[in-house]
>>> print(open('structure.cif').read())   # mmCIF, C-alpha atoms
data_work
#
loop_
_atom_site.group_PDB
_atom_site.id
_atom_site.type_symbol
_atom_site.label_atom_id
_atom_site.label_comp_id
_atom_site.auth_asym_id
_atom_site.auth_seq_id
_atom_site.Cartn_x
_atom_site.Cartn_y
_atom_site.Cartn_z
ATOM 1 C CA MET A 227 -21.346 -8.517 6.687
ATOM 2 C CA THR A 228 -24.633 -8.750 4.879
ATOM 3 C CA HIS A 229 -25.397 -8.500 1.219
ATOM 4 C CA GLY A 230 -28.230 -6.826 -0.634
ATOM 5 C CA THR A 231 -28.705 -3.173 0.269
ATOM 6 C CA ASP A 232 -26.384 -3.571 3.270
ATOM 7 C CA ARG A 233 -23.403 -4.886 1.351
ATOM 8 C CA GLN A 234 -20.098 -3.593 2.615
ATOM 9 C CA ASP A 235 -18.269 -0.883 0.703
ATOM 10 C CA ALA A 236 -14.846 -1.748 -0.652
ATOM 11 C CA TRP A 237 -12.168 0.556 -2.035
ATOM 12 C CA PRO A 238 -9.927 -0.708 -4.875
ATOM 13 C CA PHE A 239 -6.142 -0.591 -4.604
ATOM 14 C CA VAL A 240 -3.295 -1.552 -6.924
ATOM 15 C CA ILE A 241 0.438 -1.971 -6.289
ATOM 16 C CA THR A 242 2.954 -2.661 -9.036
ATOM 17 C CA ARG A 243 6.221 -1.415 -10.501
ATOM 18 C CA THR A 244 7.720 -0.265 -13.794
ATOM 19 C CA ALA A 245 10.928 -1.263 -15.554
ATOM 20 C CA SER A 246 12.874 1.562 -13.906
ATOM 21 C CA HIS A 247 11.113 2.128 -10.588
ATOM 22 C CA ASP A 248 10.305 -0.015 -7.581
ATOM 23 C CA PHE A 249 6.903 -1.062 -6.279
ATOM 24 C CA GLN A 250 4.536 1.710 -5.320
ATOM 25 C CA VAL A 251 0.865 2.248 -4.658
ATOM 26 C CA VAL A 252 -0.795 3.208 -7.932
ATOM 27 C CA VAL A 253 -4.437 3.245 -6.771
ATOM 28 C CA ALA A 254 -5.542 3.588 -3.131
ATOM 29 C CA PRO A 255 -8.759 4.290 -1.228
ATOM 30 C CA ARG A 256 -9.554 7.976 -1.325
ATOM 31 C CA PHE A 257 -9.525 8.293 2.487
ATOM 32 C CA LEU A 258 -5.958 6.901 2.579
ATOM 33 C CA ALA A 259 -4.696 8.891 -0.418
ATOM 34 C CA GLU A 260 -6.049 12.196 0.889
ATOM 35 C CA THR A 261 -4.382 11.683 4.282
ATOM 36 C CA ARG A 262 -1.100 10.410 2.781
ATOM 37 C CA THR A 263 -1.400 7.091 4.629
ATOM 38 C CA HIS A 264 -1.684 4.868 1.545
ATOM 39 C CA GLY A 265 1.919 3.719 1.989
ATOM 40 C CA LEU A 266 0.727 1.213 4.590
ATOM 41 C CA LEU A 267 -0.659 -0.905 1.741
ATOM 42 C CA THR A 268 2.831 -1.805 0.524
ATOM 43 C CA SER A 269 3.709 -3.008 4.018
ATOM 44 C CA VAL A 270 0.657 -5.233 4.336
ATOM 45 C CA ALA A 271 0.129 -6.700 0.865
ATOM 46 C CA GLY A 272 2.348 -9.620 -0.061
ATOM 47 C CA GLY A 273 2.251 -13.240 -1.100
ATOM 48 C CA GLU A 274 3.143 -15.702 -3.797
ATOM 49 C CA VAL A 275 2.033 -14.989 -7.336
ATOM 50 C CA SER A 276 -0.976 -17.070 -8.322
ATOM 51 C CA ASP A 277 -4.239 -16.503 -10.143
ATOM 52 C CA GLU A 278 -5.749 -19.458 -8.306
ATOM 53 C CA ASN A 279 -6.032 -17.953 -4.817
ATOM 54 C CA ALA A 280 -6.558 -14.707 -2.917
ATOM 55 C CA TYR A 281 -5.185 -13.289 0.330
ATOM 56 C CA LEU A 282 -6.911 -11.719 3.319
ATOM 57 C CA ARG A 283 -4.967 -9.682 5.857
ATOM 58 C CA GLU A 284 -5.857 -7.326 8.686
ATOM 59 C CA TYR A 285 -3.962 -4.093 9.331
ATOM 60 C CA ARG A 286 -4.306 -3.017 12.971
ATOM 61 C CA ASP A 287 -2.924 0.277 14.269
ATOM 62 C CA ARG A 288 -1.680 1.069 17.782
ATOM 63 C CA ALA A 289 -5.179 2.072 18.940
ATOM 64 C CA GLY A 290 -6.807 -1.094 17.633
ATOM 65 C CA HIS A 291 -8.382 0.414 14.510
ATOM 66 C CA SER A 292 -8.439 -2.063 11.654
ATOM 67 C CA LEU A 293 -8.521 -2.203 7.896
ATOM 68 C CA TRP A 294 -8.937 -5.416 5.931
ATOM 69 C CA LEU A 295 -7.155 -6.108 2.648
ATOM 70 C CA LEU A 296 -8.641 -8.695 0.292
ATOM 71 C CA TYR A 297 -6.386 -9.058 -2.738
ATOM 72 C CA ARG A 298 -4.580 -11.280 -5.183
ATOM 73 C CA VAL A 299 -1.051 -11.299 -6.625
ATOM 74 C CA VAL A 300 -0.785 -11.943 -10.360
ATOM 75 C CA TYR A 301 1.551 -10.998 -13.196
ATOM 76 C CA LEU A 302 1.143 -7.811 -15.216
ATOM 77 C CA THR A 303 0.403 -8.839 -18.791
ATOM 78 C CA GLY A 304 1.225 -7.104 -22.026
ATOM 79 C CA ALA A 305 -2.497 -6.707 -22.688
ATOM 80 C CA ASP A 306 -2.801 -4.743 -19.420
ATOM 81 C CA VAL A 307 -0.501 -2.017 -20.744
ATOM 82 C CA GLY A 308 -1.117 -2.259 -24.485
ATOM 83 C CA ARG A 309 2.050 -4.156 -25.369
ATOM 84 C CA ASP A 310 2.380 -7.055 -27.786
ATOM 85 C CA VAL A 311 4.005 -9.364 -25.241
ATOM 86 C CA GLU A 312 2.660 -12.080 -22.980
ATOM 87 C CA TYR A 313 4.005 -10.548 -19.748
ATOM 88 C CA VAL A 314 5.581 -7.246 -18.771
ATOM 89 C CA ARG A 315 9.115 -7.939 -17.578
ATOM 90 C CA ASN A 316 11.651 -6.188 -15.413
ATOM 91 C CA ARG A 317 14.860 -7.394 -17.022
ATOM 92 C CA SER A 318 14.122 -11.115 -17.288
ATOM 93 C CA ARG A 319 11.561 -11.304 -14.493
ATOM 94 C CA ARG A 320 7.822 -10.973 -14.906
ATOM 95 C CA THR A 321 6.276 -7.989 -13.119
ATOM 96 C CA PRO A 322 3.911 -8.763 -10.219
ATOM 97 C CA LEU A 323 0.638 -6.885 -9.809
ATOM 98 C CA MET A 324 -1.176 -6.731 -6.471
ATOM 99 C CA GLU A 325 -4.816 -5.744 -6.822
ATOM 100 C CA GLY A 326 -7.759 -5.927 -4.478
ATOM 101 C CA VAL A 327 -9.921 -3.971 -2.078
ATOM 102 C CA VAL A 328 -9.685 -2.349 1.351
ATOM 103 C CA LEU A 329 -12.626 -2.825 3.710
ATOM 104 C CA LEU A 330 -13.478 -1.464 7.141
ATOM 105 C CA ASP A 331 -14.837 -4.780 8.446
ATOM 106 C CA ARG A 332 -13.722 -8.335 7.936
ATOM 107 C CA PRO A 333 -15.144 -9.667 4.664
ATOM 108 C CA ARG A 334 -16.605 -13.103 4.270
ATOM 109 C CA THR A 335 -14.342 -15.677 2.674
ATOM 110 C CA ASP A 336 -16.886 -16.114 -0.120
ATOM 111 C CA ASP A 337 -16.359 -12.463 -1.049
ATOM 112 C CA ALA A 338 -13.089 -13.545 -2.694
ATOM 113 C CA THR A 339 -14.419 -14.144 -6.190
ATOM 114 C CA ARG A 340 -12.972 -13.824 -9.668
ATOM 115 C CA GLU A 341 -15.746 -11.326 -10.392
ATOM 116 C CA LEU A 342 -14.552 -9.004 -7.598
ATOM 117 C CA PHE A 343 -10.970 -8.991 -8.840
ATOM 118 C CA ARG A 344 -12.095 -8.635 -12.447
ATOM 119 C CA LEU A 345 -14.116 -5.572 -11.400
ATOM 120 C CA VAL A 346 -11.088 -4.059 -9.655
ATOM 121 C CA HIS A 347 -8.864 -4.902 -12.622
ATOM 122 C CA VAL A 348 -11.199 -3.211 -15.100
ATOM 123 C CA ARG A 349 -11.785 -0.146 -12.931
ATOM 124 C CA CYS A 350 -8.056 0.461 -12.527
ATOM 125 C CA ALA A 351 -6.904 -0.615 -15.997
ATOM 126 C CA ASP A 352 -6.373 2.849 -17.480
ATOM 127 C CA VAL A 353 -4.442 4.064 -14.442
ATOM 128 C CA VAL A 354 -2.139 1.027 -14.478
ATOM 129 C CA LYS A 355 -1.391 1.582 -18.164
ATOM 130 C CA GLU A 356 -0.759 5.283 -17.553
ATOM 131 C CA PHE A 357 1.581 4.453 -14.677
ATOM 132 C CA HIS A 358 3.515 1.939 -16.775
ATOM 133 C CA ASP A 359 3.820 4.335 -19.714
ATOM 134 C CA ALA A 360 4.984 7.191 -17.470
ATOM 135 C CA ASP A 361 7.694 5.039 -15.833
ATOM 136 C CA SER A 362 8.287 7.866 -13.345
ATOM 137 C CA ASP A 363 8.775 8.064 -9.591
ATOM 138 C CA THR A 364 6.714 11.273 -9.557
ATOM 139 C CA PHE A 365 3.531 9.466 -10.561
ATOM 140 C CA GLY A 366 0.987 10.326 -7.878
ATOM 141 C CA VAL A 367 -1.331 7.750 -6.349
ATOM 142 C CA ARG A 368 -4.852 7.801 -7.775
ATOM 143 C CA PRO A 369 -7.695 7.818 -5.222
ATOM 144 C CA SER A 370 -10.497 5.289 -5.627
ATOM 145 C CA ASP A 371 -14.124 5.577 -4.568
ATOM 146 C CA ALA A 372 -16.137 2.777 -3.039
ATOM 147 C CA ILE A 373 -17.511 -0.119 -5.046
ATOM 148 C CA GLU A 374 -19.895 -2.823 -3.901
ATOM 149 C CA VAL A 375 -18.618 -6.353 -3.438
ATOM 150 C CA PRO A 376 -20.416 -8.643 -5.923
ATOM 151 C CA GLU A 377 -23.045 -10.833 -4.298
ATOM 152 C CA SER A 378 -21.879 -14.008 -6.008
ATOM 153 C CA GLY A 379 -19.271 -15.383 -8.335
ATOM 154 C CA THR A 380 -16.589 -17.985 -8.828
ATOM 155 C CA LEU A 381 -14.914 -18.503 -5.475
ATOM 156 C CA LEU A 382 -11.143 -18.415 -5.036
ATOM 157 C CA PRO A 383 -9.401 -20.161 -2.127
ATOM 158 C CA CYS A 384 -8.529 -17.413 0.349
ATOM 159 C CA VAL A 385 -5.336 -17.535 2.422
ATOM 160 C CA THR A 386 -5.713 -15.645 5.715
ATOM 161 C CA GLN A 387 -2.410 -14.094 6.748
ATOM 162 C CA ASP A 388 -1.327 -13.012 10.216
ATOM 163 C CA THR A 389 -2.458 -9.601 11.419
ATOM 164 C CA TYR A 390 -0.066 -6.761 10.615
ATOM 165 C CA HIS A 391 0.437 -4.776 13.824
ATOM 166 C CA SER A 392 1.515 -1.178 13.325
ATOM 167 C CA GLN A 393 2.696 1.470 15.779
ATOM 168 C CA ARG A 394 1.117 4.151 13.626
ATOM 169 C CA SER A 395 -2.404 5.557 13.822
ATOM 170 C CA ILE A 396 -4.991 5.603 11.044
ATOM 171 C CA GLN A 397 -7.522 7.545 13.088
ATOM 172 C CA ALA A 398 -7.078 10.667 10.942
ATOM 173 C CA ALA A 399 -7.777 8.686 7.778
ATOM 174 C CA LEU A 400 -10.847 7.010 9.251
ATOM 175 C CA SER A 401 -12.321 10.137 10.800
ATOM 176 C CA GLY A 402 -11.714 12.172 7.664
ATOM 177 C CA ARG A 403 -13.272 9.572 5.398
ATOM 178 C CA PRO A 404 -16.389 11.072 3.808
ATOM 179 C CA ARG A 405 -19.274 8.699 3.299
ATOM 180 C CA PRO A 406 -19.536 8.480 -0.504
ATOM 181 C CA PRO A 407 -22.875 9.879 -1.717
ATOM 182 C CA ALA A 408 -25.002 7.568 -3.807
ATOM 183 C CA GLU A 409 -24.178 9.284 -7.080
ATOM 184 C CA ARG A 410 -20.426 8.787 -6.530
ATOM 185 C CA ARG A 411 -20.586 5.115 -5.591
ATOM 186 C CA VAL A 412 -19.485 2.765 -8.328
ATOM 187 C CA PRO A 413 -22.061 0.024 -8.952
ATOM 188 C CA VAL A 414 -21.085 -3.501 -9.862
ATOM 189 C CA ALA A 415 -20.434 -3.555 -13.590
ATOM 190 C CA THR A 416 -21.782 -6.337 -15.748
ATOM 191 C CA GLY A 417 -19.790 -5.363 -18.809
ATOM 192 C CA GLY A 418 -18.317 -2.491 -20.769
ATOM 193 C CA GLY A 419 -14.837 -1.170 -21.188
ATOM 194 C CA PRO A 420 -12.312 0.017 -18.656
ATOM 195 C CA ALA A 421 -13.107 3.018 -16.475
ATOM 196 C CA VAL A 422 -10.458 5.144 -14.864
ATOM 197 C CA VAL A 423 -10.638 5.601 -11.099
ATOM 198 C CA PRO A 424 -12.038 9.105 -10.426
ATOM 199 C CA VAL A 425 -9.401 11.755 -9.727
ATOM 200 C CA PRO A 426 -10.222 14.960 -7.807
ATOM 201 C CA GLN A 427 -8.668 18.358 -8.422
ATOM 202 C CA ASP A 428 -4.963 18.533 -7.615
ATOM 203 C CA ARG A 429 -5.391 19.508 -3.980
ATOM 204 C CA GLY A 430 -1.942 18.727 -2.637
ATOM 205 C CA GLY A 431 -1.279 16.515 -5.615
ATOM 206 C CA VAL A 432 1.274 16.216 -8.364
ATOM 207 C CA PRO A 433 -0.026 18.359 -11.258
ATOM 208 C CA ALA A 434 1.808 16.363 -13.932
ATOM 209 C CA ALA A 435 0.359 13.077 -12.727
ATOM 210 C CA GLY A 436 -3.046 14.191 -11.466
ATOM 211 C CA GLY A 437 -2.695 12.116 -8.299
ATOM 212 C CA TYR A 438 -1.613 12.567 -4.714
ATOM 213 C CA ASP A 439 1.946 12.737 -3.502
ATOM 214 C CA ALA A 440 2.836 10.552 -0.540
ATOM 215 C CA GLY A 441 4.614 13.385 1.220
ATOM 216 C CA PRO A 442 8.226 12.778 2.279
ATOM 217 C CA GLY A 443 9.846 9.807 0.574
ATOM 218 C CA ARG A 444 8.825 7.795 -2.451
ATOM 219 C CA PRO A 445 5.134 7.688 -3.357
ATOM 220 C CA GLY A 446 3.495 4.822 -1.551
ATOM 221 C CA SER A 447 6.643 3.770 0.290
ATOM 222 C CA PRO A 448 6.089 1.119 2.971
ATOM 223 C CA GLU A 449 6.102 1.882 6.657
ATOM 224 C CA PRO A 450 9.579 1.946 8.218
ATOM 225 C CA GLY A 451 10.404 -1.611 9.184
ATOM 226 C CA GLY A 452 7.537 -2.991 7.110
ATOM 227 C CA GLN A 453 7.956 -6.012 4.860
ATOM 228 C CA GLY A 454 7.095 -4.230 1.610
ATOM 229 C CA PRO A 455 5.496 -5.745 -1.484
ATOM 230 C CA LEU A 456 5.692 -9.507 -1.986
ATOM 231 C CA GLY A 457 7.036 -9.996 1.513
ATOM 232 C CA ARG A 458 10.604 -8.746 1.168
ATOM 233 C CA ARG A 459 11.464 -10.878 4.167
ATOM 234 C CA GLY A 460 10.228 -13.870 2.165
ATOM 235 C CA PRO A 461 7.164 -14.644 0.067
ATOM 236 C CA ARG A 462 5.334 -16.047 3.078
ATOM 237 C CA SER A 463 6.431 -13.408 5.566
ATOM 238 C CA THR A 464 3.692 -12.824 8.140
ATOM 239 C CA GLY A 465 3.266 -10.815 11.289
ATOM 240 C CA ASP A 466 5.230 -7.700 12.164
ATOM 241 C CA THR A 467 8.665 -9.129 12.846
ATOM 242 C CA GLY A 468 10.170 -5.705 12.412
ATOM 243 C CA ALA A 469 7.939 -3.239 14.254
ATOM 244 C CA PRO A 470 7.277 -0.109 12.218
ATOM 245 C CA ALA A 471 8.941 2.943 13.616
ATOM 246 C CA SER A 472 6.926 5.565 15.465
ATOM 247 C CA PRO A 473 7.161 9.252 14.518
ATOM 248 C CA ASP A 474 9.408 9.843 17.541
ATOM 249 C CA ASP A 475 12.056 7.360 16.448
ATOM 250 C CA GLY A 476 13.934 9.871 14.301
ATOM 251 C CA ARG A 477 14.106 12.390 17.152
ATOM 252 C CA ALA A 478 15.400 9.683 19.484
ATOM 253 C CA VAL A 479 18.234 8.924 17.063
ATOM 254 C CA ASP A 480 19.088 12.633 16.822
ATOM 255 C CA ARG A 481 19.267 12.932 20.617
ATOM 256 C CA THR A 482 21.537 9.877 20.805
ATOM 257 C CA TRP A 483 23.994 11.357 18.317
ATOM 258 C CA ALA A 484 23.918 14.691 20.148
ATOM 259 C CA VAL A 485 24.943 12.977 23.386
ATOM 260 C CA VAL A 486 27.713 11.050 21.613
ATOM 261 C CA GLY A 487 28.995 14.270 20.050
ATOM 262 C CA ALA A 488 29.015 16.106 23.385
ATOM 263 C CA LEU A 489 30.934 13.292 25.081
ATOM 264 C CA THR A 490 33.483 13.241 22.260
ATOM 265 C CA VAL A 491 34.118 16.980 22.575
ATOM 266 C CA THR A 492 34.482 16.663 26.370
ATOM 267 C CA VAL A 493 37.055 13.876 26.019
ATOM 268 C CA LEU A 494 39.071 15.931 23.511
ATOM 269 C CA ILE A 495 39.092 18.988 25.801
ATOM 270 C CA LEU A 496 40.208 16.940 28.813
ATOM 271 C CA SER A 497 42.944 15.261 26.757
ATOM 272 C CA ALA A 498 44.249 18.622 25.575
ATOM 273 C CA ALA A 499 44.257 19.991 29.135
ATOM 274 C CA LEU A 500 46.154 16.942 30.384
ATOM 275 C CA LEU A 501 48.709 17.302 27.603
ATOM 276 C CA VAL A 502 49.290 20.966 28.521
ATOM 277 C CA MET A 503 49.778 20.064 32.193
ATOM 278 C CA LEU A 504 52.330 17.401 31.280
ATOM 279 C CA LEU A 505 54.270 19.774 29.026
ATOM 280 C CA THR A 506 54.373 22.560 31.664
ATOM 281 C CA SER A 507 55.638 20.122 34.317
ATOM 282 C CA LEU A 508 58.710 19.190 32.228
#
>>> encode(input="structure.cif", output="structure tokens")
Amino acid sequence: MTHGTDRQDAWPFVITRTASHDFQVVVAPRFLAETRTHGLLTSVAGGEVSDENAYLREYRDRAGHSLWLLYRVVYLTGADVGRDVEYVRNRSRRTPLMEGVVLLDRPRTDDATRELFRLVHVRCADVVKEFHDADSDTFGVRPSDAIEVPESGTLLPCVTQDTYHSQRSIQAALSGRPRPPAERRVPVATGGGPAVVPVPQDRGGVPAAGGYDAGPGRPGSPEPGGQGPLGRRGPRSTGDTGAPASPDDGRAVDRTWAVVGALTVTVLILSAALLVMLLTSL
């Protein structure tokens, strides 16, 4: 990746939770949100909470197409949501916030700067507050447009995690991804207040929330078999120890139960016939 005019585009994403609802994708790249594939982010992003390091992880689909997630895991503060508390808590626990960018090519390790994450944090601040205030599982994911990775800044140590191998395909998302025109690209900000991530008209979205629904299941739910936010198989869970299910898995289960049901009915019929034969022979 080169900087200057050829700097790589990066799309902000945010994952967090509210007091009443589990982790979900709040902001996702537009090309993932519009194709309802943003749920993969919750399967890939995970790690220990720290404002002193970042994480880099590759998502690779069954055809070898890749996305790269560069992100950090911090705590959601009261200032983030307009509350007079130090941290937002779920019962007694502080609420984690995963924020970062999705890239099409592997970023350089010196792209992990405090300035990059501050830019993402500011750009998504209003949406995160709106999500927290709504405290609803019908809150639709907000699509983000591309920003430019800052050329320089204060470096954070970057932990490279194992590649996440998926049995799904992201080809539709990649092929349907429009190249953002110059007037829609978000330049690197040097100051100013928060700016909400742009939201298109509610084409297939949730009118009350102004975002996109994830389709079947909870908004932004992880891939079947995925680790989920913060590594639900452990804070340092890496790799794809539980392979995500393919779209055919559900049909395979249905066929299995159909066979079991047919065998059960056959056994019952044969048992009844045998009982009748025994009774007539007495």
>>> resolve_selection(input="structure.cif", expression="the PyMOL selection byres ((chain A and resi 334) around 10)", output="PDB file with C-alpha atoms, in the coordinates of the input")
ATOM      1  CA  MET A 227     -21.346  -8.517   6.687  1.00  0.00           C
ATOM      2  CA  THR A 228     -24.633  -8.750   4.879  1.00  0.00           C
ATOM      3  CA  LEU A 282      -6.911 -11.719   3.319  1.00  0.00           C
ATOM      4  CA  LEU A 296      -8.641  -8.695   0.292  1.00  0.00           C
ATOM      5  CA  ASP A 331     -14.837  -4.780   8.446  1.00  0.00           C
ATOM      6  CA  ARG A 332     -13.722  -8.335   7.936  1.00  0.00           C
ATOM      7  CA  PRO A 333     -15.144  -9.667   4.664  1.00  0.00           C
ATOM      8  CA  THR A 335     -14.342 -15.677   2.674  1.00  0.00           C
ATOM      9  CA  ASP A 336     -16.886 -16.114  -0.120  1.00  0.00           C
ATOM     10  CA  ASP A 337     -16.359 -12.463  -1.049  1.00  0.00           C
ATOM     11  CA  ALA A 338     -13.089 -13.545  -2.694  1.00  0.00           C
ATOM     12  CA  CYS A 384      -8.529 -17.413   0.349  1.00  0.00           C
TER      13      CYS A 384
END
>>> closest_residue(input="structure.cif", among="A:Arg340, A:His358, A:His291, A:Arg233", to="A:Glu278", atoms="only C-alpha atoms")
A:Arg340
>>> axis_aligned_box(input="structure.cif", around="stretch 263-280 of chain A", padding_each_side="6 Å", output="lines of an AutoDock Vina configuration file")
center_x = -1.4
center_y = -6.2
center_z = -2.8
size_x = 22.3
size_y = 38.5
size_z = 26.8
>>> resolve_selection(input="structure.cif", expression="the PyMOL selection byres ((chain A and resi 369) around 6)", output="list in words")
Val253, Ala254, Pro255, Arg256, Ala259, Arg368 and Ser370 of chain A
>>> resolve_selection(input="structure.cif", expression="the PyMOL selection byres ((chain A and resi 391) around 7)", output="ChimeraX atom specification")
/A:285-287,389-390,392-393,466
>>> write_last_selection(input="structure.cif", atoms="C-alpha atoms", output="compact mmCIF listing (two decimals), in the frame of the given file")
# COMPACT_ATOMS: atom_id res chain seq x y z
CA TYR A 285 -3.96 -4.09 9.33
CA ARG A 286 -4.31 -3.02 12.97
CA ASP A 287 -2.92 0.28 14.27
CA THR A 389 -2.46 -9.60 11.42
CA TYR A 390 -0.07 -6.76 10.62
CA SER A 392 1.52 -1.18 13.32
CA GLN A 393 2.70 1.47 15.78
CA ASP A 466 5.23 -7.70 12.16
>>> atom_distance(input="structure.cif", atom1="atom CA of A:Arg288", atom2="atom CA of A:Ile396")
8.8 Å
>>> residues_near_point(input="structure.cif", point="(1.7, -9.0, -11.4)", cutoff="9 Å", atoms="only C-alpha atoms", output="list in words")
Ile241, Thr242, Arg243, Val275, Val299, Val300, Tyr301, Leu302, Thr303, Tyr313, Val314, Arg320, Thr321, Pro322, Leu323, Met324 and Glu325 of chain A
>>> closest_residue(input="structure.cif", among="A:Leu329, A:Leu505, A:Val353, A:Val270", to="A:Ile373", atoms="all atoms listed in the file")
A:Leu329
>>> residues_near_point(input="structure.cif", point="(-1.4, 7.6, 12.2)", cutoff="12 Å", atoms="only C-alpha atoms", output="list in words")
Leu258, Thr261, Arg262, Thr263, His264, Gly265, Leu266, Arg286, Asp287, Arg288, Ala289, Gly290, His291, Ser292, Ser392, Gln393, Arg394, Ser395, Ile396, Gln397, Ala398, Ala399, Leu400, Ser401, Glu449, Pro470, Ala471, Ser472 and Pro473 of chain A
>>> closest_residue(input="structure.cif", among="A:Asp359, A:Glu341, A:Asp306, A:Glu274", to="A:Glu374", atoms="all atoms listed in the file")
A:Glu341
>>> atom_distance(input="structure.cif", atom1="atom CA of A:Lys355", atom2="atom CA of A:Pro238")
16.0 Å
>>> residues_around(input="structure.cif", residues="A:Trp237", least_positions_apart="5", cutoff="6 Å", atoms="all atoms listed in the file", output="ChimeraX atom specification")
/A:255,327-328,371-372
>>> closest_residue(input="structure.cif", among="A:Ala245, A:Val346, A:Leu382, A:Leu330", to="A:Asn279", atoms="only C-alpha atoms")
A:Leu382
>>> atom_distance(input="structure.cif", atom1="atom CA of A:Ser269", atom2="atom CA of A:Val251")
10.5 Å
>>> closest_residue(input="structure.cif", among="A:Ala499, A:Tyr281, A:Leu504, A:Gln250", to="A:Thr386", atoms="only C-alpha atoms")
A:Tyr281
>>> closest_residue(input="structure.cif", among="A:Leu345, A:Ala305, A:Ala360, A:Cys350", to="A:Gly379", atoms="only C-alpha atoms")
A:Leu345
>>> decode(input="structure.cif", residues="stretch 382-397 of chain A", atoms="N, CA and C atoms", output="compact mmCIF listing (two decimals), in the first residue's frame")
# COMPACT_ATOMS: atom_id res chain seq x y z
N LEU A 382 0.47 2.58 17.33
CA LEU A 382 0.06 1.62 18.35
C LEU A 382 0.63 0.26 18.01
N PRO A 383 1.11 -0.51 19.00
CA PRO A 383 1.50 -1.89 18.71
C PRO A 383 0.32 -2.64 18.10
N CYS A 384 0.58 -3.40 17.06
CA CYS A 384 -0.50 -4.07 16.33
C CYS A 384 -0.34 -5.59 16.43
N VAL A 385 -1.33 -6.24 17.01
CA VAL A 385 -1.34 -7.69 17.17
C VAL A 385 -1.99 -8.31 15.94
N THR A 386 -1.25 -9.13 15.20
CA THR A 386 -1.80 -9.81 14.03
C THR A 386 -2.39 -11.14 14.45
N GLN A 387 -3.69 -11.30 14.24
CA GLN A 387 -4.37 -12.53 14.62
C GLN A 387 -4.42 -13.50 13.44
N ASP A 388 -4.71 -14.77 13.75
CA ASP A 388 -4.81 -15.77 12.71
C ASP A 388 -5.93 -15.44 11.73
N THR A 389 -5.75 -15.87 10.50
CA THR A 389 -6.77 -15.65 9.47
C THR A 389 -8.07 -16.35 9.84
N TYR A 390 -9.18 -15.66 9.63
CA TYR A 390 -10.50 -16.25 9.84
C TYR A 390 -10.96 -16.84 8.51
N HIS A 391 -11.06 -18.16 8.45
CA HIS A 391 -11.49 -18.85 7.23
C HIS A 391 -12.99 -19.10 7.29
N SER A 392 -13.69 -18.64 6.27
CA SER A 392 -15.14 -18.78 6.22
C SER A 392 -15.54 -19.64 5.03
N GLN A 393 -16.65 -20.37 5.18
CA GLN A 393 -17.21 -21.15 4.10
C GLN A 393 -18.23 -20.35 3.30
N ARG A 394 -18.40 -19.10 3.65
CA ARG A 394 -19.30 -18.23 2.90
C ARG A 394 -18.54 -17.51 1.79
N SER A 395 -19.32 -16.80 0.95
CA SER A 395 -18.73 -16.03 -0.14
C SER A 395 -19.07 -14.56 0.02
N ILE A 396 -18.08 -13.70 -0.20
CA ILE A 396 -18.32 -12.25 -0.17
C ILE A 396 -18.22 -11.65 -1.56
N GLN A 397 -18.28 -12.52 -2.58
CA GLN A 397 -18.15 -12.04 -3.94
C GLN A 397 -19.23 -11.02 -4.29
